[in-house]
$ cat work02.pdb   # PDB, C-alpha atoms
ATOM      1  CA  MET A  20       0.000   0.000   0.000
ATOM      2  CA  LYS A  21       2.856   2.331   0.830
ATOM      3  CA  ILE A  22       4.485   1.558  -2.517
ATOM      4  CA  ASP A  23       1.163   2.223  -4.286
ATOM      5  CA  SER A  24       0.938   5.631  -2.620
ATOM      6  CA  GLU A  25       4.506   6.497  -3.511
ATOM      7  CA  ILE A  26       4.010   5.579  -7.159
ATOM      8  CA  GLN A  27       0.706   7.442  -7.234
ATOM      9  CA  HIS A  28       2.421  10.519  -5.811
ATOM     10  CA  LYS A  29       5.178  10.402  -8.434
ATOM     11  CA  LYS A  30       2.654   9.959 -11.209
ATOM     12  CA  ASP A  31       0.555  12.828  -9.859
ATOM     13  CA  ILE A  32       3.619  15.062 -10.132
ATOM     14  CA  LEU A  33       4.157  13.940 -13.712
ATOM     15  CA  GLU A  34       0.404  14.060 -14.423
ATOM     16  CA  LEU A  35       0.422  10.447 -15.570
ATOM     17  CA  PRO A  36      -2.496   8.079 -15.102
ATOM     18  CA  TYR A  37      -1.905   5.341 -12.564
ATOM     19  CA  LYS A  38      -3.822   2.103 -12.457
ATOM     20  CA  LYS A  39      -2.211  -0.788 -10.692
ATOM     21  CA  ASP A  40      -4.254  -3.411 -12.556
ATOM     22  CA  GLN A  41      -3.434  -2.088 -15.999
ATOM     23  CA  LEU A  42      -0.489  -2.872 -18.238
ATOM     24  CA  GLU A  43      -0.002  -0.604 -21.201
ATOM     25  CA  TYR A  44       2.671  -0.261 -23.868
ATOM     26  CA  TRP A  45       2.860   2.068 -26.820
ATOM     27  CA  GLY A  46       5.885   1.771 -29.112
ATOM     28  CA  PRO A  47       7.741  -0.410 -31.579
ATOM     29  CA  ILE A  48       7.523  -4.181 -31.162
ATOM     30  CA  ASN A  49       9.843  -6.766 -32.626
ATOM     31  CA  THR A  50      10.297 -10.466 -31.855
ATOM     32  CA  SER A  51      12.852  -9.913 -29.128
ATOM     33  CA  PHE A  52      10.758  -7.245 -27.437
ATOM     34  CA  ALA A  53       7.641  -9.425 -27.681
ATOM     35  CA  ASN A  54       9.441 -12.209 -25.784
ATOM     36  CA  SER A  55      10.538  -9.822 -23.011
ATOM     37  CA  PHE A  56       7.150  -8.146 -22.808
ATOM     38  CA  LEU A  57       5.341 -11.479 -22.488
ATOM     39  CA  THR A  58       7.621 -12.639 -19.690
ATOM     40  CA  MET A  59       6.789  -9.456 -17.785
ATOM     41  CA  ALA A  60       3.084  -9.705 -18.671
ATOM     42  CA  ASP A  61       2.976 -13.268 -17.318
ATOM     43  CA  LEU A  62       4.100 -11.984 -13.913
ATOM     44  CA  PHE A  63       1.731  -9.007 -14.112
ATOM     45  CA  ILE A  64      -1.286 -11.184 -14.853
ATOM     46  CA  GLN A  65      -0.504 -13.560 -12.006
ATOM     47  CA  GLN A  66       0.038 -10.692  -9.588
ATOM     48  CA  TYR A  67      -2.955  -8.505 -10.415
ATOM     49  CA  PHE A  68      -5.636 -10.901 -11.580
ATOM     50  CA  THR A  69      -5.609 -13.096  -8.507
ATOM     51  CA  MET A  70      -9.413 -13.369  -8.640
ATOM     52  CA  LEU A  71      -9.106 -15.579 -11.741
ATOM     53  CA  ASN A  72      -8.728 -19.336 -11.461
ATOM     54  CA  ALA A  73      -5.719 -21.094 -12.991
ATOM     55  CA  LYS A  74      -7.589 -22.090 -16.142
ATOM     56  CA  VAL A  75      -8.791 -18.551 -16.865
ATOM     57  CA  LEU A  76      -5.330 -17.148 -16.141
ATOM     58  CA  LYS A  77      -3.857 -19.567 -18.661
ATOM     59  CA  SER A  78      -6.475 -18.655 -21.283
ATOM     60  CA  LEU A  79      -5.806 -14.987 -20.663
ATOM     61  CA  PHE A  80      -2.058 -15.375 -21.023
ATOM     62  CA  SER A  81      -2.447 -17.573 -24.065
ATOM     63  CA  SER A  82      -4.615 -14.905 -25.739
ATOM     64  CA  LEU A  83      -2.104 -12.199 -24.936
ATOM     65  CA  VAL A  84       0.723 -14.302 -26.396
ATOM     66  CA  GLU A  85      -1.138 -14.759 -29.678
ATOM     67  CA  MET A  86      -2.074 -11.080 -29.907
ATOM     68  CA  VAL A  87       1.415  -9.739 -29.105
ATOM     69  CA  GLN A  88       3.189 -12.240 -31.340
ATOM     70  CA  ASN A  89       0.772 -11.372 -34.132
ATOM     71  CA  ILE A  90       1.981  -7.779 -33.900
ATOM     72  CA  SER A  91       5.657  -8.713 -33.749
ATOM     73  CA  GLU A  92       5.231 -10.843 -36.850
ATOM     74  CA  TYR A  93       2.967  -8.708 -39.016
ATOM     75  CA  ALA A  94       3.227  -5.074 -37.914
ATOM     76  CA  GLU A  95       4.424  -2.606 -40.493
ATOM     77  CA  THR A  96       7.988  -1.603 -39.697
ATOM     78  CA  SER A  97       9.211   0.174 -42.815
ATOM     79  CA  LYS A  98       8.447   3.678 -41.569
ATOM     80  CA  THR A  99      11.175   5.200 -39.469
ATOM     81  CA  ASP A 100       9.557   8.547 -38.830
ATOM     82  CA  GLY A 101       9.607   8.090 -35.087
ATOM     83  CA  GLN A 102       5.928   7.272 -34.858
ATOM     84  CA  TYR A 103       4.892   4.560 -32.498
ATOM     85  CA  GLN A 104       4.012   1.377 -34.317
ATOM     86  CA  ALA A 105       1.972  -0.652 -31.887
ATOM     87  CA  PHE A 106      -0.132  -0.546 -28.757
ATOM     88  CA  ILE A 107      -0.901  -3.202 -26.148
ATOM     89  CA  ARG A 108      -3.117  -2.863 -23.097
ATOM     90  CA  VAL A 109      -4.314  -5.382 -20.543
ATOM     91  CA  LYS A 110      -6.778  -4.161 -17.941
ATOM     92  CA  GLY A 111      -9.469  -5.294 -15.550
ATOM     93  CA  GLU A 112     -12.861  -3.670 -16.117
ATOM     94  CA  ASP A 113     -16.365  -4.532 -14.833
ATOM     95  CA  ASN A 114     -15.672  -8.209 -14.081
ATOM     96  CA  GLN A 115     -13.852  -8.596 -17.364
ATOM     97  CA  VAL A 116     -10.262  -8.645 -18.468
ATOM     98  CA  VAL A 117      -9.827  -6.624 -21.625
ATOM     99  CA  ILE A 118      -6.853  -6.957 -23.977
ATOM    100  CA  ASN A 119      -6.442  -4.371 -26.701
ATOM    101  CA  THR A 120      -3.801  -4.363 -29.384
ATOM    102  CA  ALA A 121      -3.340  -2.047 -32.330
ATOM    103  CA  ASN A 122      -0.678  -2.019 -34.987
ATOM    104  CA  ARG A 123       0.025  -0.221 -38.188
ATOM    105  CA  ILE A 124      -0.053  -2.360 -41.312
ATOM    106  CA  ASN A 125       1.160  -1.752 -44.853
ATOM    107  CA  SER A 126      -1.578  -0.151 -46.926
ATOM    108  CA  GLN A 127      -1.028  -2.708 -49.701
ATOM    109  CA  ASP A 128      -1.722  -5.476 -47.160
ATOM    110  CA  ARG A 129      -5.092  -4.062 -46.138
ATOM    111  CA  ALA A 130      -7.177  -6.191 -48.502
ATOM    112  CA  THR A 131      -5.336  -9.386 -47.492
ATOM    113  CA  VAL A 132      -5.642  -8.659 -43.769
ATOM    114  CA  GLU A 133      -9.302  -7.742 -44.179
ATOM    115  CA  ALA A 134      -9.978 -10.977 -46.070
ATOM    116  CA  ILE A 135      -8.232 -13.100 -43.394
ATOM    117  CA  PHE A 136     -10.190 -11.480 -40.580
ATOM    118  CA  GLU A 137     -13.503 -11.545 -42.413
ATOM    119  CA  SER A 138     -13.186 -15.223 -43.290
ATOM    120  CA  THR A 139     -12.058 -16.238 -39.787
ATOM    121  CA  PHE A 140     -14.824 -14.257 -38.097
ATOM    122  CA  ALA A 141     -17.386 -15.713 -40.487
ATOM    123  CA  ILE A 142     -16.723 -19.248 -39.217
ATOM    124  CA  PRO A 143     -19.611 -20.308 -36.954
ATOM    125  CA  LYS A 144     -18.477 -21.005 -33.388
ATOM    126  CA  GLU A 145     -19.484 -24.670 -33.668
ATOM    127  CA  ASN A 146     -17.154 -25.130 -36.661
ATOM    128  CA  LEU A 147     -14.094 -23.533 -35.084
ATOM    129  CA  GLN A 148     -12.696 -26.785 -33.650
ATOM    130  CA  GLU A 149     -12.801 -28.405 -37.085
ATOM    131  CA  GLU A 150     -11.092 -25.378 -38.642
ATOM    132  CA  TYR A 151      -8.514 -25.385 -35.840
ATOM    133  CA  LYS A 152      -7.737 -29.042 -36.593
ATOM    134  CA  LYS A 153      -7.426 -28.315 -40.304
ATOM    135  CA  GLN A 154      -5.056 -25.400 -39.756
ATOM    136  CA  LEU A 155      -2.979 -27.223 -37.124
ATOM    137  CA  LEU A 156      -2.344 -30.159 -39.412
ATOM    138  CA  SER A 157      -1.693 -28.054 -42.496
ATOM    139  CA  GLY A 158       0.601 -25.565 -40.723
ATOM    140  CA  GLY A 159      -1.907 -22.747 -41.262
ATOM    141  CA  SER A 160      -2.672 -19.750 -39.084
ATOM    142  CA  LEU A 161      -4.094 -20.684 -35.690
ATOM    143  CA  GLY A 162      -3.895 -17.576 -33.501
ATOM    144  CA  LEU A 163      -7.170 -15.915 -34.503
ATOM    145  CA  ILE A 164      -9.046 -19.205 -34.374
ATOM    146  CA  MET A 165      -7.720 -19.812 -30.862
ATOM    147  CA  LEU A 166      -8.974 -16.383 -29.776
ATOM    148  CA  ARG A 167     -12.406 -17.019 -31.240
ATOM    149  CA  LYS A 168     -12.594 -20.492 -29.691
ATOM    150  CA  LEU A 169     -12.353 -19.160 -26.141
ATOM    151  CA  ASN A 170     -15.456 -19.576 -24.019
ATOM    152  CA  ASN A 171     -16.774 -16.597 -22.045
ATOM    153  CA  ALA A 172     -14.815 -14.269 -24.291
ATOM    154  CA  LYS A 173     -15.534 -12.028 -27.229
ATOM    155  CA  THR A 174     -13.028 -10.880 -29.835
ATOM    156  CA  GLU A 175     -13.578  -7.971 -32.202
ATOM    157  CA  TYR A 176     -11.391  -6.257 -34.749
ATOM    158  CA  THR A 177     -11.310  -2.943 -36.596
ATOM    159  CA  LEU A 178      -9.348  -1.675 -39.570
ATOM    160  CA  THR A 179      -9.124   2.095 -39.680
ATOM    161  CA  GLU A 180      -7.286   4.672 -41.703
ATOM    162  CA  ASN A 181      -6.069   7.826 -39.954
ATOM    163  CA  GLU A 182      -5.660  11.320 -41.398
ATOM    164  CA  GLU A 183      -2.105  10.544 -42.521
ATOM    165  CA  GLY A 184      -3.358   7.564 -44.510
ATOM    166  CA  ASP A 185      -1.900   4.974 -42.095
ATOM    167  CA  ILE A 186      -3.879   1.765 -41.715
ATOM    168  CA  TRP A 187      -4.285   0.469 -38.171
ATOM    169  CA  LEU A 188      -5.498  -2.959 -37.164
ATOM    170  CA  GLY A 189      -7.122  -3.061 -33.744
ATOM    171  CA  ILE A 190      -8.075  -6.224 -31.878
ATOM    172  CA  GLU A 191     -10.040  -6.300 -28.646
ATOM    173  CA  LEU A 192     -10.630  -9.360 -26.529
ATOM    174  CA  LYS A 193     -12.986  -9.206 -23.556
ATOM    175  CA  MET A 194     -12.925 -12.167 -21.220
ATOM    176  CA  ASN A 195     -15.478 -12.548 -18.462
ATOM    177  CA  TYR A 196     -14.323 -13.812 -15.094
ATOM    178  CA  GLY A 197     -15.346 -17.423 -14.631
ATOM    179  CA  ASN A 198     -14.612 -20.631 -16.375
ATOM    180  CA  THR A 199     -13.443 -20.452 -19.963
TER     181      THR A 199
ATOM    182  CA  MET B  12      24.962 -39.677 -32.237
ATOM    183  CA  GLU B  13      25.148 -37.074 -29.467
ATOM    184  CA  ILE B  14      22.537 -36.418 -26.779
ATOM    185  CA  LEU B  15      20.500 -33.330 -27.653
ATOM    186  CA  ASN B  16      20.319 -31.163 -24.585
ATOM    187  CA  ILE B  17      18.773 -27.680 -24.503
ATOM    188  CA  GLU B  18      18.357 -25.873 -21.209
ATOM    189  CA  PRO B  19      14.936 -24.329 -20.540
ATOM    190  CA  PHE B  20      14.649 -20.578 -20.955
ATOM    191  CA  LEU B  21      11.854 -18.090 -20.336
ATOM    192  CA  GLN B  22       9.762 -19.034 -23.364
ATOM    193  CA  THR B  23      11.289 -22.350 -24.344
ATOM    194  CA  PRO B  24      11.155 -25.844 -22.846
ATOM    195  CA  GLU B  25      13.897 -28.138 -21.623
ATOM    196  CA  ILE B  26      14.956 -30.693 -24.216
ATOM    197  CA  ASN B  27      16.847 -33.871 -23.444
ATOM    198  CA  PHE B  28      16.831 -36.403 -26.263
ATOM    199  CA  ASN B  29      18.973 -39.479 -25.595
ATOM    200  CA  PRO B  30      19.693 -41.666 -28.645
ATOM    201  CA  GLU B  31      21.027 -44.573 -26.548
ATOM    202  CA  THR B  32      17.992 -44.981 -24.276
ATOM    203  CA  GLY B  33      15.406 -43.695 -26.771
ATOM    204  CA  ILE B  34      13.982 -41.421 -24.063
ATOM    205  CA  LEU B  35      13.215 -38.067 -25.665
ATOM    206  CA  TYR B  36      12.153 -35.560 -23.038
ATOM    207  CA  LEU B  37      10.535 -32.176 -23.675
ATOM    208  CA  SER B  38       9.296 -30.227 -20.663
ATOM    209  CA  GLY B  39       7.956 -26.796 -19.724
ATOM    210  CA  LYS B  40       6.468 -23.750 -21.405
ATOM    211  CA  SER B  41       6.846 -23.233 -25.116
ATOM    212  CA  TYR B  42       5.889 -19.849 -26.519
ATOM    213  CA  PRO B  43       8.861 -18.482 -28.464
ATOM    214  CA  ALA B  44       7.943 -15.862 -31.056
ATOM    215  CA  ASP B  45      10.038 -17.778 -33.563
ATOM    216  CA  ALA B  46       9.065 -21.379 -32.875
ATOM    217  CA  ILE B  47      10.383 -22.602 -36.235
ATOM    218  CA  GLU B  48      13.888 -21.463 -35.325
ATOM    219  CA  PHE B  49      13.715 -23.097 -31.884
ATOM    220  CA  TYR B  50      12.340 -26.439 -33.095
ATOM    221  CA  LYS B  51      14.487 -26.782 -36.237
ATOM    222  CA  PRO B  52      17.519 -28.398 -34.527
ATOM    223  CA  ILE B  53      15.161 -30.672 -32.572
ATOM    224  CA  ILE B  54      13.400 -31.815 -35.726
ATOM    225  CA  ASP B  55      16.720 -32.235 -37.573
ATOM    226  CA  TRP B  56      18.134 -34.310 -34.685
ATOM    227  CA  SER B  57      14.982 -36.452 -34.658
ATOM    228  CA  ARG B  58      15.225 -37.134 -38.409
ATOM    229  CA  GLU B  59      18.763 -38.393 -37.963
ATOM    230  CA  TYR B  60      17.750 -40.426 -34.881
ATOM    231  CA  CYS B  61      15.027 -42.179 -36.877
ATOM    232  CA  THR B  62      17.605 -43.628 -39.266
ATOM    233  CA  THR B  63      19.140 -45.711 -36.416
ATOM    234  CA  PRO B  64      16.679 -45.549 -33.520
ATOM    235  CA  ALA B  65      16.927 -47.250 -30.130
ATOM    236  CA  ALA B  66      14.938 -50.475 -29.675
ATOM    237  CA  LYS B  67      12.213 -48.492 -27.955
ATOM    238  CA  THR B  68      11.470 -44.786 -28.408
ATOM    239  CA  THR B  69       9.465 -42.779 -25.886
ATOM    240  CA  LEU B  70       8.749 -39.130 -26.505
ATOM    241  CA  ILE B  71       7.808 -37.555 -23.179
ATOM    242  CA  CYS B  72       6.026 -34.207 -23.609
ATOM    243  CA  GLU B  73       5.435 -32.547 -20.239
ATOM    244  CA  ILE B  74       3.717 -29.389 -21.346
ATOM    245  CA  GLU B  75       2.747 -26.429 -19.253
ATOM    246  CA  TYR B  76       1.892 -24.070 -22.075
ATOM    247  CA  LEU B  77       2.057 -24.035 -25.891
ATOM    248  CA  ASN B  78       1.523 -21.098 -28.216
ATOM    249  CA  SER B  79       0.002 -21.709 -31.621
ATOM    250  CA  ALA B  80       3.390 -21.667 -33.382
ATOM    251  CA  SER B  81       4.759 -24.296 -30.979
ATOM    252  CA  GLN B  82       1.691 -26.472 -31.503
ATOM    253  CA  LYS B  83       2.443 -26.537 -35.227
ATOM    254  CA  GLN B  84       6.088 -27.401 -34.598
ATOM    255  CA  LEU B  85       5.119 -30.253 -32.272
ATOM    256  CA  VAL B  86       2.953 -31.670 -35.047
ATOM    257  CA  GLU B  87       6.004 -31.435 -37.345
ATOM    258  CA  LEU B  88       8.045 -33.294 -34.728
ATOM    259  CA  MET B  89       5.443 -36.052 -34.370
ATOM    260  CA  LEU B  90       5.354 -36.410 -38.165
ATOM    261  CA  VAL B  91       9.063 -37.239 -38.077
ATOM    262  CA  PHE B  92       8.375 -40.188 -35.766
ATOM    263  CA  LYS B  93       5.280 -41.477 -37.526
ATOM    264  CA  PRO B  94       7.216 -43.494 -40.194
ATOM    265  CA  LEU B  95       9.184 -45.094 -37.356
ATOM    266  CA  TYR B  96       5.956 -46.348 -35.785
ATOM    267  CA  ASP B  97       4.505 -47.287 -39.174
ATOM    268  CA  ARG B  98       7.612 -49.470 -39.799
ATOM    269  CA  GLY B  99       6.712 -51.462 -36.691
ATOM    270  CA  LYS B 100       9.256 -49.915 -34.314
ATOM    271  CA  SER B 101       8.277 -49.359 -30.700
ATOM    272  CA  PHE B 102       7.193 -45.726 -30.312
ATOM    273  CA  LEU B 103       5.052 -44.032 -27.682
ATOM    274  CA  VAL B 104       4.212 -40.423 -26.820
ATOM    275  CA  LYS B 105       3.731 -39.810 -23.100
ATOM    276  CA  TRP B 106       1.633 -36.636 -23.043
ATOM    277  CA  LYS B 107       1.716 -35.013 -19.624
ATOM    278  CA  TYR B 108      -0.460 -31.954 -19.074
ATOM    279  CA  GLU B 109      -1.426 -29.736 -16.169
ATOM    280  CA  GLU B 110      -4.360 -30.942 -14.101
ATOM    281  CA  GLY B 111      -7.562 -29.570 -15.651
ATOM    282  CA  ASP B 112      -5.877 -28.191 -18.760
ATOM    283  CA  ASP B 113      -8.298 -29.486 -21.367
ATOM    284  CA  ASP B 114      -6.701 -27.378 -24.104
ATOM    285  CA  ILE B 115      -3.319 -29.122 -23.917
ATOM    286  CA  LEU B 116      -5.050 -32.492 -23.495
ATOM    287  CA  SER B 117      -7.124 -31.900 -26.619
ATOM    288  CA  VAL B 118      -4.032 -30.979 -28.675
ATOM    289  CA  GLY B 119      -2.596 -34.392 -27.764
ATOM    290  CA  GLU B 120      -5.850 -36.210 -28.525
ATOM    291  CA  LEU B 121      -6.145 -34.478 -31.870
ATOM    292  CA  VAL B 122      -2.594 -35.338 -32.908
ATOM    293  CA  GLU B 123      -3.012 -38.950 -31.717
ATOM    294  CA  HIS B 124      -6.212 -39.321 -33.718
ATOM    295  CA  GLU B 125      -5.049 -37.627 -36.904
ATOM    296  CA  LEU B 126      -1.508 -39.035 -37.066
ATOM    297  CA  GLU B 127      -2.476 -42.468 -35.741
ATOM    298  CA  ILE B 128       0.434 -42.796 -33.331
ATOM    299  CA  PRO B 129       0.099 -44.116 -29.770
ATOM    300  CA  PHE B 130      -0.304 -41.676 -26.886
ATOM    301  CA  GLU B 131      -0.475 -42.229 -23.160
ATOM    302  CA  TYR B 132      -1.914 -39.382 -21.067
ATOM    303  CA  GLN B 133      -1.114 -38.272 -17.571
ATOM    304  CA  GLU B 134      -2.262 -35.279 -15.524
ATOM    305  CA  VAL B 135       0.559 -33.639 -13.597
ATOM    306  CA  GLN B 136       1.043 -30.586 -11.403
ATOM    307  CA  PHE B 137       3.510 -27.895 -12.375
TER     308      PHE B 137
END
$ encode --input "work02.pdb" --output "structure tokens"
Amino acid sequence: MKIDSEIQHKKDILELPYKKDQLEYWGPINTSFANSFLTMADLFIQQYFTMLNAKVLKSLFSSLVEMVQNISEYAETSKTDGQYQAFIRVKGEDNQVVINTANRINSQDRATVEAIFESTFAIPKENLQEEYKKQLLSGGSLGLIMLRKLNNAKTEYTLTENEEGDIWLGIELKMNYGNT
Amino acid sequence: MEILNIEPFLQTPEINFNPETGILYLSGKSYPADAIEFYKPIIDWSREYCTTPAAKTTLICEIEYLNSASQKQLVELMLVFKPLYDRGKSFLVKWKYEEGDDDILSVGELVEHELEIPFEYQEVQF
């Protein structure tokens, strides 16, 4: 509690938001950073989401791994204008854990990304296990299917273009407390 | 042929594959961002092992966590051993998973069913 107060005080001075059950990162992400971030996030989740049972904690971490590694693999990295390239946030909110990620993608990849997301999200929930099996055995893409397969969780995505013409892919996963 | 020994790290499991005893042990968490790179030497070693295998081969997978990329690499690894089993050699996968972890259990069941290789399951505590 004393440490909380001290951090809060320092953040008040710097006018920064402080939420002890929130992990947020805004910046470039590569494979090496993703590995380090996930190791830290594993500890964070276990420390701050103690109300979740072991199975839900594992599902939560597994979702975060897929979402962060998706960014490290596919985020657009060609621009070196100093702009941040990706965003990750994990937070507790109204009996839910919410994971948000956003990353800039190449404009020429927009149609491909859109097609992948549209086709994966069009798969009825009852057919996801069959699709998962197909992709696992053929070496296809599993991450999105794994996110959609989770019980007590909802995944949504957005593709938006900002004023500078950059395309951003946003993914949000909301997981209710309870059994997954 | 040398023993393949890889120490566990933050995102990668311990590997101890012994060509003399035929005990191939993989244990821990596996969620490296580049799973292909991590599993390549393991798959290459296994291919060579299958040319002159021990009388009995047991692949022990004691898995706490697998990301999607590692799941695919484990399927690749099992595919290396399938011809060994199909040739009538003794081969068994001992699939150990955390108590109550239906996801890891179902990965094993799926691979067993689709690849038609023998699995033995055991719940363990990490």
$ interface_residues --input "work02.pdb" --of "chain B" --to "chain A" --cutoff "8 Å" --atoms "all atoms listed in the file" --output "list in words"
Leu21, Gln22, Tyr42, Pro43, Ala44, Asp45, Asn78, Ser79, Ala80, Gln82, Lys83, Val86, Gly111, Asp112 and Leu121 of chain B
$ write_last_selection --input "work02.pdb" --atoms "C-alpha atoms" --output "compact mmCIF listing (two decimals), keeping the file's coordinate frame"
# COMPACT_ATOMS: atom_id res chain seq x y z
CA LEU B 21 11.85 -18.09 -20.34
CA GLN B 22 9.76 -19.03 -23.36
CA TYR B 42 5.89 -19.85 -26.52
CA PRO B 43 8.86 -18.48 -28.46
CA ALA B 44 7.94 -15.86 -31.06
CA ASP B 45 10.04 -17.78 -33.56
CA ASN B 78 1.52 -21.10 -28.22
CA SER B 79 0.00 -21.71 -31.62
CA ALA B 80 3.39 -21.67 -33.38
CA GLN B 82 1.69 -26.47 -31.50
CA LYS B 83 2.44 -26.54 -35.23
CA VAL B 86 2.95 -31.67 -35.05
CA GLY B 111 -7.56 -29.57 -15.65
CA ASP B 112 -5.88 -28.19 -18.76
CA LEU B 121 -6.14 -34.48 -31.87
$ residues_around --input "work02.pdb" --residues "Gln115 in chain A" --least-positions-apart "6" --cutoff "8 Å" --atoms "only C-alpha atoms" --output "list of chain:residue names"
A:Lys193, A:Met194, A:Asn195, A:Tyr196
$ resolve_selection --input "work02.pdb" --expression "the PyMOL selection byres ((chain A and resi 177) around 6)" --output "PyMOL selection string"
chain A and resi 176+178+188-189
$ write_last_selection --input "work02.pdb" --atoms "C-alpha atoms" --output "PDB file, keeping the file's coordinate frame"
ATOM      1  CA  TYR A 176     -11.391  -6.257 -34.749  1.00  0.00           C
ATOM      2  CA  LEU A 178      -9.348  -1.675 -39.570  1.00  0.00           C
ATOM      3  CA  LEU A 188      -5.498  -2.959 -37.164  1.00  0.00           C
ATOM      4  CA  GLY A 189      -7.122  -3.061 -33.744  1.00  0.00           C
TER       5      GLY A 189
END
$ resolve_selection --input "work02.pdb" --expression "the PyMOL selection byres ((chain B and resi 33) around 10)" --output "list in words"
Phe28, Asn29, Pro30, Glu31, Thr32, Ile34, Leu35, Tyr36, Tyr60, Pro64, Ala65, Ala66, Lys67, Thr68, Thr69, Leu70, Ser101 and Phe102 of chain B
$ axis_aligned_box --input "work02.pdb" --around "range 54-57 of chain B" --padding-each-side "4 Å" --output "lines of an AutoDock Vina configuration file"
center_x = 15.8
center_y = -34.1
center_z = -36.1
size_x = 12.7
size_y = 12.6
size_z = 10.9
$ closest_residue --input "work02.pdb" --among "B:Glu13, B:Glu109, B:Asp97, B:Glu87" --to "Val122 in chain B" --atoms "only C-alpha atoms"
B:Glu87
$ closest_residue --input "work02.pdb" --among "B:Glu48, B:Cys72, B:Leu88, B:Met12" --to "Gln133 in chain B" --atoms "all atoms listed in the file"
B:Cys72
$ closest_residue --input "work02.pdb" --among "A:Lys38, A:Lys173, A:Lys168, A:Ala134" --to "Glu149 in chain A" --atoms "only C-alpha atoms"
A:Lys168
$ closest_residue --input "work02.pdb" --among "B:Glu134, B:Glu73, B:Glu59, B:Asp114" --to "Leu15 in chain B" --atoms "all atoms listed in the file"
B:Glu59
$ decode --input "work02.pdb" --residues "range 77-94 of chain B" --atoms "N, CA and C atoms" --output "PDB file, in the first residue's frame"
ATOM      1  N   LEU B  77       1.620 -24.006 -24.488  1.00  0.00           N
ATOM      2  CA  LEU B  77       2.057 -24.035 -25.891  1.00  0.00           C
ATOM      3  C   LEU B  77       1.395 -22.892 -26.654  1.00  0.00           C
ATOM      4  N   ASN B  78       2.171 -22.077 -27.327  1.00  0.00           N
ATOM      5  CA  ASN B  78       1.523 -21.098 -28.216  1.00  0.00           C
ATOM      6  C   ASN B  78       1.186 -21.783 -29.543  1.00  0.00           C
ATOM      7  N   SER B  79       0.467 -21.072 -30.391  1.00  0.00           N
ATOM      8  CA  SER B  79       0.002 -21.709 -31.621  1.00  0.00           C
ATOM      9  C   SER B  79       1.176 -22.146 -32.500  1.00  0.00           C
ATOM     10  N   ALA B  80       2.238 -21.328 -32.534  1.00  0.00           N
ATOM     11  CA  ALA B  80       3.390 -21.667 -33.382  1.00  0.00           C
ATOM     12  C   ALA B  80       4.083 -22.928 -32.858  1.00  0.00           C
ATOM     13  N   SER B  81       4.142 -23.093 -31.544  1.00  0.00           N
ATOM     14  CA  SER B  81       4.759 -24.296 -30.979  1.00  0.00           C
ATOM     15  C   SER B  81       3.900 -25.523 -31.235  1.00  0.00           C
ATOM     16  N   GLN B  82       2.589 -25.348 -31.213  1.00  0.00           N
ATOM     17  CA  GLN B  82       1.691 -26.472 -31.503  1.00  0.00           C
ATOM     18  C   GLN B  82       1.996 -27.024 -32.895  1.00  0.00           C
ATOM     19  N   LYS B  83       2.172 -26.100 -33.849  1.00  0.00           N
ATOM     20  CA  LYS B  83       2.443 -26.537 -35.227  1.00  0.00           C
ATOM     21  C   LYS B  83       3.787 -27.261 -35.316  1.00  0.00           C
ATOM     22  N   GLN B  84       4.769 -26.771 -34.565  1.00  0.00           N
ATOM     23  CA  GLN B  84       6.088 -27.401 -34.598  1.00  0.00           C
ATOM     24  C   GLN B  84       6.066 -28.776 -33.929  1.00  0.00           C
ATOM     25  N   LEU B  85       5.233 -28.927 -32.904  1.00  0.00           N
ATOM     26  CA  LEU B  85       5.119 -30.253 -32.272  1.00  0.00           C
ATOM     27  C   LEU B  85       4.489 -31.262 -33.236  1.00  0.00           C
ATOM     28  N   VAL B  86       3.537 -30.787 -34.024  1.00  0.00           N
ATOM     29  CA  VAL B  86       2.953 -31.670 -35.047  1.00  0.00           C
ATOM     30  C   VAL B  86       4.048 -32.088 -36.036  1.00  0.00           C
ATOM     31  N   GLU B  87       4.886 -31.129 -36.442  1.00  0.00           N
ATOM     32  CA  GLU B  87       6.004 -31.435 -37.345  1.00  0.00           C
ATOM     33  C   GLU B  87       6.918 -32.492 -36.729  1.00  0.00           C
ATOM     34  N   LEU B  88       7.169 -32.344 -35.425  1.00  0.00           N
ATOM     35  CA  LEU B  88       8.045 -33.294 -34.728  1.00  0.00           C
ATOM     36  C   LEU B  88       7.416 -34.693 -34.709  1.00  0.00           C
ATOM     37  N   MET B  89       6.138 -34.748 -34.410  1.00  0.00           N
ATOM     38  CA  MET B  89       5.443 -36.052 -34.370  1.00  0.00           C
ATOM     39  C   MET B  89       5.460 -36.706 -35.763  1.00  0.00           C
ATOM     40  N   LEU B  90       5.345 -35.877 -36.796  1.00  0.00           N
ATOM     41  CA  LEU B  90       5.354 -36.410 -38.165  1.00  0.00           C
ATOM     42  C   LEU B  90       6.677 -37.095 -38.498  1.00  0.00           C
ATOM     43  N   VAL B  91       7.759 -36.615 -37.863  1.00  0.00           N
ATOM     44  CA  VAL B  91       9.063 -37.239 -38.077  1.00  0.00           C
ATOM     45  C   VAL B  91       9.065 -38.665 -37.538  1.00  0.00           C
ATOM     46  N   PHE B  92       8.365 -38.867 -36.402  1.00  0.00           N
ATOM     47  CA  PHE B  92       8.375 -40.188 -35.766  1.00  0.00           C
ATOM     48  C   PHE B  92       7.327 -41.146 -36.325  1.00  0.00           C
ATOM     49  N   LYS B  93       6.355 -40.618 -37.032  1.00  0.00           N
ATOM     50  CA  LYS B  93       5.280 -41.477 -37.526  1.00  0.00           C
ATOM     51  C   LYS B  93       5.800 -42.628 -38.405  1.00  0.00           C
ATOM     52  N   PRO B  94       6.716 -42.379 -39.370  1.00  0.00           N
ATOM     53  CA  PRO B  94       7.216 -43.494 -40.194  1.00  0.00           C
ATOM     54  C   PRO B  94       7.904 -44.575 -39.362  1.00  0.00           C
TER      55      PRO B  94
END
